[in-house]
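Asker: Just so it is clear, I am handing over input_38.cif, which has mmCIF, C-alpha atoms.
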```cif
data_coords
#
loop_
_atom_site.group_PDB
_atom_site.id
_atom_site.type_symbol
_atom_site.label_atom_id
_atom_site.label_comp_id
_atom_site.auth_asym_id
_atom_site.auth_seq_id
_atom_site.Cartn_x
_atom_site.Cartn_y
_atom_site.Cartn_z
ATOM 1 C CA MET S 1 109.617 118.793 133.461
ATOM 2 C CA THR S 2 105.979 119.183 132.419
ATOM 3 C CA ASP S 3 103.578 116.329 131.680
ATOM 4 C CA THR S 4 103.617 117.126 127.955
ATOM 5 C CA GLN S 5 107.378 116.816 127.805
ATOM 6 C CA MET S 6 107.329 113.530 129.713
ATOM 7 C CA ILE S 7 104.700 112.105 127.338
ATOM 8 C CA PHE S 8 106.708 113.273 124.335
ATOM 9 C CA LEU S 9 109.926 111.734 125.646
ATOM 10 C CA GLY S 10 108.087 108.475 126.401
ATOM 11 C CA LEU S 11 106.711 108.306 122.856
ATOM 12 C CA LEU S 12 110.135 109.148 121.478
ATOM 13 C CA PHE S 13 111.692 106.340 123.527
ATOM 14 C CA VAL S 14 109.086 103.868 122.227
ATOM 15 C CA ALA S 15 109.689 104.975 118.622
ATOM 16 C CA VAL S 16 113.483 104.700 118.856
ATOM 17 C CA SER S 17 113.237 101.306 120.591
ATOM 18 C CA ALA S 18 110.855 100.017 117.931
ATOM 19 C CA PHE S 19 113.188 101.249 115.178
ATOM 20 C CA ALA S 20 116.232 99.588 116.778
ATOM 21 C CA TYR S 21 114.311 96.341 117.279
ATOM 22 C CA GLY S 22 113.107 96.412 113.683
ATOM 23 C CA VAL S 23 116.630 96.911 112.317
ATOM 24 C CA ALA S 24 117.980 94.094 114.516
ATOM 25 C CA TRP S 25 115.125 91.823 113.408
ATOM 26 C CA LEU S 26 115.797 92.522 109.740
ATOM 27 C CA LEU S 27 119.514 91.814 110.112
ATOM 28 C CA PHE S 28 119.473 88.868 112.518
ATOM 29 C CA ARG S 29 115.954 87.438 112.241
ATOM 30 C CA PRO S 30 115.621 83.627 112.452
ATOM 31 C CA ARG S 31 114.585 81.724 109.383
ATOM 32 C CA THR S 32 110.909 80.806 109.317
ATOM 33 C CA ALA S 33 109.623 77.329 108.607
ATOM 34 C CA GLN S 34 108.602 78.397 105.095
ATOM 35 C CA GLN S 35 112.081 79.695 104.363
ATOM 36 C CA ARG S 36 113.708 76.528 105.714
ATOM 37 C CA LEU S 37 111.442 74.350 103.569
ATOM 38 C CA TYR S 38 112.184 76.538 100.564
ATOM 39 C CA ALA S 39 115.906 76.282 101.223
ATOM 40 C CA ALA S 40 115.713 72.511 101.749
ATOM 41 C CA GLY S 41 114.025 72.251 98.358
ATOM 42 C CA GLY S 42 117.107 73.691 96.654
ATOM 43 C CA GLY S 43 116.241 77.382 96.408
ATOM 44 C CA ALA S 44 118.800 80.044 97.166
ATOM 45 C CA GLY S 45 118.313 82.043 100.333
ATOM 46 C CA ASP S 46 118.279 85.434 98.600
ATOM 47 C CA ALA S 47 115.614 84.256 96.164
ATOM 48 C CA ALA S 48 113.170 83.484 98.961
ATOM 49 C CA PRO S 49 109.636 84.946 98.822
ATOM 50 C CA ASP S 50 110.546 87.687 101.318
ATOM 51 C CA GLY S 51 112.492 89.410 98.520
ATOM 52 C CA GLN S 52 109.244 90.878 97.182
ATOM 53 C CA TRP S 53 108.775 93.333 100.033
ATOM 54 C CA GLN S 54 112.446 94.316 99.736
ATOM 55 C CA ALA S 55 111.853 95.322 96.130
ATOM 56 C CA LYS S 56 108.809 97.387 97.167
ATOM 57 C CA VAL S 57 110.723 99.143 99.941
ATOM 58 C CA ALA S 58 113.629 99.758 97.550
ATOM 59 C CA GLY S 59 111.272 101.398 95.070
ATOM 60 C CA LEU S 60 110.029 103.766 97.761
ATOM 61 C CA ALA S 61 113.534 104.494 99.059
ATOM 62 C CA ALA S 62 115.140 105.084 95.651
ATOM 63 C CA PRO S 63 114.701 108.902 95.685
ATOM 64 C CA LEU S 64 116.229 109.088 99.159
ATOM 65 C CA ALA S 65 119.117 106.804 98.161
ATOM 66 C CA LYS S 66 120.141 109.221 95.394
ATOM 67 C CA LEU S 67 121.246 111.700 98.071
ATOM 68 C CA ALA S 68 124.022 109.355 99.265
ATOM 69 C CA LEU S 69 124.606 107.267 96.133
ATOM 70 C CA PRO S 70 128.046 107.900 94.572
ATOM 71 C CA SER S 71 127.951 109.331 91.100
ATOM 72 C CA GLU S 72 129.799 106.489 89.369
ATOM 73 C CA GLY S 73 132.262 103.668 89.852
ATOM 74 C CA TRP S 74 130.936 102.304 93.136
ATOM 75 C CA GLU S 75 129.802 99.043 91.472
ATOM 76 C CA SER S 76 133.462 98.069 90.950
ATOM 77 C CA SER S 77 134.688 99.405 94.301
ATOM 78 C CA GLY S 78 135.333 97.585 97.540
ATOM 79 C CA LEU S 79 131.816 98.370 98.754
ATOM 80 C CA ARG S 80 130.366 95.971 96.205
ATOM 81 C CA THR S 81 132.701 93.275 97.518
ATOM 82 C CA ARG S 82 131.545 94.028 101.076
ATOM 83 C CA PHE S 83 127.963 93.466 99.985
ATOM 84 C CA MET S 84 128.966 90.062 98.627
ATOM 85 C CA ASN S 85 130.880 89.265 101.820
ATOM 86 C CA ALA S 86 127.747 90.085 103.820
ATOM 87 C CA GLY S 87 125.628 87.797 101.655
ATOM 88 C CA TRP S 88 123.511 90.682 100.306
ATOM 89 C CA ARG S 89 123.076 89.794 96.657
ATOM 90 C CA HIS S 90 119.583 91.184 96.177
ATOM 91 C CA PRO S 91 119.457 94.068 93.659
ATOM 92 C CA SER S 92 117.713 96.276 96.220
ATOM 93 C CA ALA S 93 120.475 95.958 98.833
ATOM 94 C CA PRO S 94 122.579 98.948 97.609
ATOM 95 C CA ILE S 95 119.471 101.150 97.353
ATOM 96 C CA LEU S 96 118.374 100.308 100.893
ATOM 97 C CA TYR S 97 121.905 100.804 102.191
ATOM 98 C CA PHE S 98 122.368 104.273 100.693
ATOM 99 C CA ALA S 99 118.797 105.232 101.603
ATOM 100 C CA ALA S 100 119.544 104.318 105.215
ATOM 101 C CA LYS S 101 122.706 106.446 105.156
ATOM 102 C CA ALA S 102 120.853 109.467 103.790
ATOM 103 C CA GLY S 103 117.802 109.003 106.014
ATOM 104 C CA LEU S 104 119.782 108.605 109.224
ATOM 105 C CA ALA S 105 122.097 111.492 108.340
ATOM 106 C CA LEU S 106 119.016 113.724 108.030
ATOM 107 C CA GLY S 107 116.972 112.148 110.795
ATOM 108 C CA PHE S 108 119.475 112.249 113.643
ATOM 109 C CA PRO S 109 119.991 116.057 113.490
ATOM 110 C CA LEU S 110 116.217 116.550 113.323
ATOM 111 C CA LEU S 111 115.792 114.280 116.335
ATOM 112 C CA LEU S 112 118.478 116.196 118.209
ATOM 113 C CA SER S 113 116.820 119.512 117.391
ATOM 114 C CA VAL S 114 113.501 118.196 118.698
ATOM 115 C CA LEU S 115 115.162 117.012 121.901
ATOM 116 C CA LEU S 116 116.821 120.389 122.374
ATOM 117 C CA GLY S 117 113.512 122.105 121.753
ATOM 118 C CA VAL S 118 111.641 120.176 124.458
ATOM 119 C CA SER S 119 114.418 120.240 127.036
ATOM 120 C CA VAL S 120 113.713 122.035 130.280
ATOM 121 C CA GLY S 121 114.785 125.632 129.917
ATOM 122 C CA GLY S 122 117.006 124.808 126.961
ATOM 123 C CA LEU S 123 120.668 123.992 127.133
ATOM 124 C CA PRO S 124 123.374 126.526 127.949
ATOM 125 C CA TRP S 125 124.868 126.120 124.486
ATOM 126 C CA GLY S 126 125.673 128.675 121.913
ATOM 127 C CA VAL S 127 124.987 128.485 118.191
ATOM 128 C CA ASN S 128 128.398 127.006 117.424
ATOM 129 C CA GLU S 129 128.020 124.227 119.993
ATOM 130 C CA THR S 130 124.539 123.375 118.697
ATOM 131 C CA MET S 131 125.754 123.216 115.099
ATOM 132 C CA PHE S 132 128.667 121.031 116.154
ATOM 133 C CA ALA S 133 126.289 118.663 117.989
ATOM 134 C CA MET S 134 124.072 118.406 114.902
ATOM 135 C CA LEU S 135 127.129 117.759 112.732
ATOM 136 C CA VAL S 136 128.178 114.936 115.056
ATOM 137 C CA ALA S 137 124.635 113.520 114.961
ATOM 138 C CA ALA S 138 124.606 113.654 111.149
ATOM 139 C CA SER S 139 128.005 111.936 110.977
ATOM 140 C CA LEU S 140 126.798 109.248 113.376
ATOM 141 C CA GLY S 141 123.716 108.624 111.269
ATOM 142 C CA TYR S 142 125.748 108.532 108.051
ATOM 143 C CA TYR S 143 128.276 106.001 109.314
ATOM 144 C CA LEU S 144 125.879 103.826 111.337
ATOM 145 C CA PRO S 145 124.978 101.671 108.260
ATOM 146 C CA ASN S 146 128.716 101.010 107.826
ATOM 147 C CA LEU S 147 128.818 99.564 111.339
ATOM 148 C CA LEU S 148 125.748 97.422 110.674
ATOM 149 C CA LEU S 149 127.297 96.200 107.425
ATOM 150 C CA SER S 150 130.506 95.249 109.261
ATOM 151 C CA LEU S 151 128.513 93.324 111.877
ATOM 152 C CA ARG S 152 126.614 91.514 109.137
ATOM 153 C CA ILE S 153 129.877 90.614 107.361
ATOM 154 C CA ALA S 154 131.371 89.256 110.598
ATOM 155 C CA ARG S 155 128.251 87.186 111.309
ATOM 156 C CA HIS S 156 128.073 85.830 107.753
ATOM 157 C CA GLN S 157 131.763 84.949 107.620
ATOM 158 C CA ARG S 158 131.614 83.264 111.009
ATOM 159 C CA GLU S 159 128.724 81.113 109.822
ATOM 160 C CA LEU S 160 130.663 80.125 106.711
ATOM 161 C CA LEU S 161 133.850 79.489 108.683
ATOM 162 C CA GLU S 162 132.153 77.184 111.179
ATOM 163 C CA ALA S 163 130.507 75.035 108.508
ATOM 164 C CA PHE S 164 133.299 75.040 105.936
ATOM 165 C CA PRO S 165 135.266 72.034 107.342
ATOM 166 C CA ASP S 166 132.089 69.941 107.234
ATOM 167 C CA ALA S 167 131.517 70.902 103.601
ATOM 168 C CA VAL S 168 135.085 69.940 102.718
ATOM 169 C CA ASP S 169 134.551 66.551 104.398
ATOM 170 C CA LEU S 170 131.442 66.032 102.260
ATOM 171 C CA ILE S 171 133.392 66.942 99.129
ATOM 172 C CA ILE S 172 136.055 64.369 100.096
ATOM 173 C CA VAL S 173 133.404 61.665 100.529
ATOM 174 C CA CYS S 174 131.859 62.499 97.147
ATOM 175 C CA VAL S 175 135.224 62.592 95.359
ATOM 176 C CA GLU S 176 136.321 59.276 96.855
ATOM 177 C CA ALA S 177 132.949 57.789 95.881
ATOM 178 C CA GLY S 178 133.761 58.466 92.214
ATOM 179 C CA LEU S 179 132.166 61.842 91.511
ATOM 180 C CA GLY S 180 134.013 64.605 89.727
ATOM 181 C CA LEU S 181 134.945 67.766 91.572
ATOM 182 C CA ASP S 182 132.143 69.813 90.007
ATOM 183 C CA ALA S 183 129.505 67.219 90.848
ATOM 184 C CA ALA S 184 130.992 66.785 94.342
ATOM 185 C CA ILE S 185 130.693 70.521 95.040
ATOM 186 C CA ALA S 186 127.078 70.556 93.831
ATOM 187 C CA ARG S 187 126.190 67.492 95.912
ATOM 188 C CA SER S 188 127.904 68.879 98.994
ATOM 189 C CA GLY S 189 125.983 72.121 98.610
ATOM 190 C CA GLU S 190 122.713 70.200 98.677
ATOM 191 C CA GLU S 191 123.674 68.146 101.728
ATOM 192 C CA ILE S 192 125.108 71.038 103.746
ATOM 193 C CA ARG S 193 121.969 73.195 103.379
ATOM 194 C CA LEU S 194 120.373 71.992 106.605
ATOM 195 C CA ARG S 195 123.622 72.704 108.455
ATOM 196 C CA SER S 196 124.419 76.080 106.908
ATOM 197 C CA PRO S 197 122.096 77.647 104.315
ATOM 198 C CA GLU S 198 124.597 80.469 103.702
ATOM 199 C CA LEU S 199 127.386 78.083 102.700
ATOM 200 C CA ALA S 200 124.928 76.042 100.640
ATOM 201 C CA ASP S 201 123.999 79.183 98.698
ATOM 202 C CA GLU S 202 127.658 79.923 97.989
ATOM 203 C CA LEU S 203 128.293 76.398 96.699
ATOM 204 C CA HIS S 204 125.082 76.577 94.704
ATOM 205 C CA LEU S 205 126.367 79.716 92.980
ATOM 206 C CA VAL S 206 129.588 77.869 92.128
ATOM 207 C CA GLY S 207 127.513 75.159 90.460
ATOM 208 C CA LEU S 208 125.503 77.745 88.523
ATOM 209 C CA GLU S 209 128.674 79.421 87.248
ATOM 210 C CA LEU S 210 130.021 76.064 86.096
ATOM 211 C CA ARG S 211 126.759 75.302 84.300
ATOM 212 C CA VAL S 212 126.781 78.547 82.323
ATOM 213 C CA GLY S 213 130.263 77.783 81.010
ATOM 214 C CA ALA S 214 132.656 79.477 83.422
ATOM 215 C CA SER S 215 135.934 77.705 84.008
ATOM 216 C CA ARG S 216 136.468 75.855 87.261
ATOM 217 C CA GLU S 217 139.292 78.177 88.280
ATOM 218 C CA ARG S 218 137.159 81.274 87.700
ATOM 219 C CA ALA S 219 134.189 79.836 89.600
ATOM 220 C CA LEU S 220 136.352 78.871 92.576
ATOM 221 C CA ARG S 221 138.104 82.237 92.682
ATOM 222 C CA ASN S 222 134.713 83.958 92.616
ATOM 223 C CA LEU S 223 133.773 81.816 95.622
ATOM 224 C CA ALA S 224 136.846 83.054 97.501
ATOM 225 C CA LEU S 225 136.019 86.657 96.520
ATOM 226 C CA ARG S 226 132.397 86.387 97.688
ATOM 227 C CA THR S 227 133.250 84.853 101.048
ATOM 228 C CA GLY S 228 136.364 86.916 101.807
ATOM 229 C CA LEU S 229 137.793 84.105 103.986
ATOM 230 C CA ASP S 230 141.434 83.081 104.009
ATOM 231 C CA ASP S 231 140.530 79.405 104.505
ATOM 232 C CA VAL S 232 138.359 79.416 101.396
ATOM 233 C CA GLY S 233 141.091 81.209 99.458
ATOM 234 C CA ALA S 234 143.637 78.591 100.543
ATOM 235 C CA LEU S 235 141.294 75.782 99.474
ATOM 236 C CA VAL S 236 140.714 77.417 96.089
ATOM 237 C CA THR S 237 144.456 77.839 95.549
ATOM 238 C CA MET S 238 145.041 74.208 96.489
ATOM 239 C CA LEU S 239 142.329 72.937 94.116
ATOM 240 C CA VAL S 240 143.598 75.089 91.242
ATOM 241 C CA GLN S 241 147.157 73.839 91.742
ATOM 242 C CA ALA S 242 146.022 70.219 92.063
ATOM 243 C CA ASP S 243 144.015 70.541 88.862
ATOM 244 C CA ARG S 244 146.885 72.255 87.061
ATOM 245 C CA PHE S 245 149.623 69.819 88.090
ATOM 246 C CA GLY S 246 147.493 66.677 87.973
ATOM 247 C CA THR S 247 147.903 65.635 91.626
ATOM 248 C CA SER S 248 145.318 63.648 93.565
ATOM 249 C CA ILE S 249 142.436 65.940 94.523
ATOM 250 C CA GLY S 250 141.115 63.528 97.151
ATOM 251 C CA GLU S 251 144.430 63.325 99.000
ATOM 252 C CA SER S 252 144.946 67.085 98.800
ATOM 253 C CA LEU S 253 141.458 67.703 100.146
ATOM 254 C CA ARG S 254 142.030 65.275 103.010
ATOM 255 C CA VAL S 255 145.204 67.065 104.117
ATOM 256 C CA HIS S 256 143.530 70.469 103.825
ATOM 257 C CA ALA S 257 140.430 69.305 105.717
ATOM 258 C CA ASP S 258 142.590 68.120 108.592
ATOM 259 C CA GLY S 259 144.136 71.581 108.842
ATOM 260 C CA LEU S 260 140.677 73.207 108.746
ATOM 261 C CA ARG S 261 139.411 71.047 111.594
ATOM 262 C CA THR S 262 142.535 71.817 113.616
ATOM 263 C CA ARG S 263 142.079 75.563 113.156
ATOM 264 C CA ARG S 264 138.405 75.313 114.104
ATOM 265 C CA ARG S 265 139.317 73.482 117.304
ATOM 266 C CA GLN S 266 141.986 76.084 118.071
ATOM 267 C CA ARG S 267 139.463 78.903 117.597
ATOM 268 C CA ALA S 268 137.111 77.182 120.018
ATOM 269 C CA GLU S 269 139.920 76.760 122.559
ATOM 270 C CA GLU S 270 140.880 80.410 122.155
ATOM 271 C CA ALA S 271 137.295 81.526 122.746
ATOM 272 C CA ALA S 272 137.097 79.310 125.829
ATOM 273 C CA ALA S 273 140.359 80.746 127.179
ATOM 274 C CA LYS S 274 138.968 84.296 126.847
ATOM 275 C CA ILE S 275 135.921 83.550 129.015
ATOM 276 C CA PRO S 276 137.620 84.080 132.445
ATOM 277 C CA LEU S 277 138.957 87.480 131.384
ATOM 278 C CA LYS S 278 135.586 88.535 129.982
ATOM 279 C CA LEU S 279 133.861 87.476 133.219
ATOM 280 C CA LEU S 280 136.367 89.314 135.412
ATOM 281 C CA PHE S 281 134.962 92.835 135.044
ATOM 282 C CA PRO S 282 131.259 91.880 135.438
ATOM 283 C CA LEU S 283 132.208 89.921 138.563
ATOM 284 C CA ILE S 284 134.193 92.804 140.055
ATOM 285 C CA PHE S 285 131.785 95.637 139.275
ATOM 286 C CA CYS S 286 128.384 93.897 139.362
ATOM 287 C CA ILE S 287 128.377 90.656 141.361
ATOM 288 C CA PHE S 288 131.014 91.183 144.048
ATOM 289 C CA PRO S 289 129.565 94.501 145.363
ATOM 290 C CA SER S 290 126.098 93.011 145.770
ATOM 291 C CA LEU S 291 127.559 89.848 147.304
ATOM 292 C CA MET S 292 129.618 91.852 149.803
ATOM 293 C CA LEU S 293 126.565 93.950 150.623
ATOM 294 C CA VAL S 294 124.474 90.864 151.355
ATOM 295 C CA LEU S 295 127.188 89.140 153.390
ATOM 296 C CA LEU S 296 128.674 92.086 155.286
ATOM 297 C CA GLY S 297 125.645 94.359 155.452
ATOM 298 C CA PRO S 298 124.050 92.833 158.589
ATOM 299 C CA ALA S 299 127.426 92.621 160.323
ATOM 300 C CA VAL S 300 128.200 96.277 159.563
ATOM 301 C CA ILE S 301 124.774 97.333 160.859
ATOM 302 C CA SER S 302 125.278 95.327 164.077
ATOM 303 C CA ILE S 303 128.761 96.791 164.604
ATOM 304 C CA TYR S 304 127.399 100.272 163.996
ATOM 305 C CA HIS S 305 124.670 99.838 166.613
ATOM 306 C CA VAL S 306 127.164 98.451 169.158
ATOM 307 C CA PHE S 307 129.579 101.336 168.652
ATOM 308 C CA LEU S 308 126.684 103.832 168.725
ATOM 309 C CA LYS S 309 125.445 102.481 172.079
ATOM 310 C CA THR S 310 129.020 102.524 173.437
ATOM 311 C CA MET S 311 129.563 106.112 172.361
ATOM 312 C CA VAL S 312 126.187 107.192 173.778
ATOM 313 C CA GLY S 313 126.926 105.424 177.088
ATOM 314 C CA ALA S 314 130.344 107.030 177.285
#
```
How does the structure come out when it is put into structure tokens?

Answerer:
Amino acid sequence: MTDTQMIFLGLLFVAVSAFAYGVAWLLFRPRTAQQRLYAAGGGAGDAAPDGQWQAKVAGLAAPLAKLALPSEGWESSGLRTRFMNAGWRHPSAPILYFAAKAGLALGFPLLLSVLLGVSVGGLPWGVNETMFAMLVAASLGYYLPNLLLSLRIARHQRELLEAFPDAVDLIIVCVEAGLGLDAAIARSGEEIRLRSPELADELHLVGLELRVGASRERALRNLALRTGLDDVGALVTMLVQADRFGTSIGESLRVHADGLRTRRRQRAEEAAAKIPLKLLFPLIFCIFPSLMLVLLGPAVISIYHVFLKTMVGA
């Protein structure tokens, strides 16, 4: 391999690493102090000041997004629901998503062609194998945003699921203190913001829907649709039935909150029980070989020298 090829591969590695780090930072970046203060003041997370640069990037990526954007009907499809489950409510989110699909589907084959062009002596592939490799690279680039969206949905739902029992406890306290259910949900959303800004935003949207005149049942069912969680759906069904049949909301919430806390404890116990199995393979393939090498290495060397001297003497 020549020096030019090594320099090119090094620059390519730096570029790909920077791109992967940038995508991970955009998806899983920590909230800054300004964002936390803005959220503590009652603003929704998606309306934070960092939405301005998203709109600018979306304007630049709009022509590229048209290559992967469905012709019609995607707004009412399951993909729109997945955006809500991921917490992406900004208008530029679909444009950035489809632009990423189109850009990666075009960029990965180009990257593969560049790699094949700078490889030493080329690869012993024919035209059909090269076209198949580029097709696989294009498919990988096209479906990679789907994987990132699924990871974002799992992270968002886990955050909501962990904080949801605490929010229900706050609603119980507010209801038993004399507040109505609508006011209790709004107050709980304000108090839970420091614990979980994502859940606070969802409860804040429920309050906004109630203020504009939506019925309580519709607002709660929209909450279950946005979160996509079975626990939230069960709570919404329980509240709708309690409101319809005139039963005590406080008592119903207390029973449901006890079940939520029990399920959260069971999930924690299940995760703790999986730790030994997850540690088994790293211990066997990574730690035990090095440990055996450190412990038995000197003894094996000594035995080898003793047998070597014995064989030479014989």

Asker: Report, in Å with one decimal, the straight-line distance from atom CA of Arg267 of chain S to atom CA of Glu159 of chain S.

Answerer: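 If I compute the distance from atom CA of Arg267 of chain S to atom CA of Glu159 of chain S, I get 13.4 Å.
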
Asker: Would you write out, as a PyMOL selection string, every residue that the PyMOL selection byres ((chain S and resi 165-171) around 10) captures in this file?

Answerer: chain S and resi 160-164+172-177+179-189+191-193+195-196+199-200+203+231-232+235+250+253-254+256-264

Asker: Given the selection you just returned, output its residues as a file containing C-alpha atoms, formatted as an mmCIF file, in the frame of the given file.

Answerer:
```
data_model
loop_
_atom_site.group_PDB
_atom_site.id
_atom_site.type_symbol
_atom_site.label_atom_id
_atom_site.label_comp_id
_atom_site.auth_asym_id
_atom_site.auth_seq_id
_atom_site.Cartn_x
_atom_site.Cartn_y
_atom_site.Cartn_z
ATOM 1 C CA LEU S 160 130.663 80.125 106.711
ATOM 2 C CA LEU S 161 133.850 79.489 108.683
ATOM 3 C CA GLU S 162 132.153 77.184 111.179
ATOM 4 C CA ALA S 163 130.507 75.035 108.508
ATOM 5 C CA PHE S 164 133.299 75.040 105.936
ATOM 6 C CA ILE S 172 136.055 64.369 100.096
ATOM 7 C CA VAL S 173 133.404 61.665 100.529
ATOM 8 C CA CYS S 174 131.859 62.499 97.147
ATOM 9 C CA VAL S 175 135.224 62.592 95.359
ATOM 10 C CA GLU S 176 136.321 59.276 96.855
ATOM 11 C CA ALA S 177 132.949 57.789 95.881
ATOM 12 C CA LEU S 179 132.166 61.842 91.511
ATOM 13 C CA GLY S 180 134.013 64.605 89.727
ATOM 14 C CA LEU S 181 134.945 67.766 91.572
ATOM 15 C CA ASP S 182 132.143 69.813 90.007
ATOM 16 C CA ALA S 183 129.505 67.219 90.848
ATOM 17 C CA ALA S 184 130.992 66.785 94.342
ATOM 18 C CA ILE S 185 130.693 70.521 95.040
ATOM 19 C CA ALA S 186 127.078 70.556 93.831
ATOM 20 C CA ARG S 187 126.190 67.492 95.912
ATOM 21 C CA SER S 188 127.904 68.879 98.994
ATOM 22 C CA GLY S 189 125.983 72.121 98.610
ATOM 23 C CA GLU S 191 123.674 68.146 101.728
ATOM 24 C CA ILE S 192 125.108 71.038 103.746
ATOM 25 C CA ARG S 193 121.969 73.195 103.379
ATOM 26 C CA ARG S 195 123.622 72.704 108.455
ATOM 27 C CA SER S 196 124.419 76.080 106.908
ATOM 28 C CA LEU S 199 127.386 78.083 102.700
ATOM 29 C CA ALA S 200 124.928 76.042 100.640
ATOM 30 C CA LEU S 203 128.293 76.398 96.699
ATOM 31 C CA ASP S 231 140.530 79.405 104.505
ATOM 32 C CA VAL S 232 138.359 79.416 101.396
ATOM 33 C CA LEU S 235 141.294 75.782 99.474
ATOM 34 C CA GLY S 250 141.115 63.528 97.151
ATOM 35 C CA LEU S 253 141.458 67.703 100.146
ATOM 36 C CA ARG S 254 142.030 65.275 103.010
ATOM 37 C CA HIS S 256 143.530 70.469 103.825
ATOM 38 C CA ALA S 257 140.430 69.305 105.717
ATOM 39 C CA ASP S 258 142.590 68.120 108.592
ATOM 40 C CA GLY S 259 144.136 71.581 108.842
ATOM 41 C CA LEU S 260 140.677 73.207 108.746
ATOM 42 C CA ARG S 261 139.411 71.047 111.594
ATOM 43 C CA THR S 262 142.535 71.817 113.616
ATOM 44 C CA ARG S 263 142.079 75.563 113.156
ATOM 45 C CA ARG S 264 138.405 75.313 114.104
#
```

Asker: Which residues, written as a list of chain:residue names, have at least one atom at most 12 Å from Leu151 of chain S, with all atoms listed in the file counted and residues fewer than 4 positions away on the same chain left out?

Answerer: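 Selected residues are S:Ala24, S:Leu27, S:Phe28, S:Arg82, S:Phe83, S:Asn85, S:Ala86, S:Gly87, S:Leu144, S:Pro145, S:Asn146, S:Leu147, S:Arg155, S:His156, S:Gln157, S:Arg158.
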
Asker: Find the spatial neighbours of Leu225 of chain S, counting all atoms listed in the file, within a cut-off of 9 Å - ignore same-chain residues fewer than 3 positions away - and output them as a ChimeraX atom specification.

Answerer: /S:81,84-85,220-222,228-229,233

Asker: For the residues in that selection, give me C-alpha atoms as a tab-separated table (two decimals), keeping the file's coordinate frame.

Answerer:
```tsv
chain	number	residue	atom	x	y	z
S	81	THR	CA	132.70	93.28	97.52
S	84	MET	CA	128.97	90.06	98.63
S	85	ASN	CA	130.88	89.26	101.82
S	220	LEU	CA	136.35	78.87	92.58
S	221	ARG	CA	138.10	82.24	92.68
S	222	ASN	CA	134.71	83.96	92.62
S	228	GLY	CA	136.36	86.92	101.81
S	229	LEU	CA	137.79	84.10	103.99
S	233	GLY	CA	141.09	81.21	99.46
```

Asker: From the list S:Phe288, S:Leu115, S:Leu148, S:Pro109, which residue is nearest Met6 of chain S when using only C-alpha atoms?

Answerer: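 For Met6 of chain S, the nearest of the candidates is S:Leu115.
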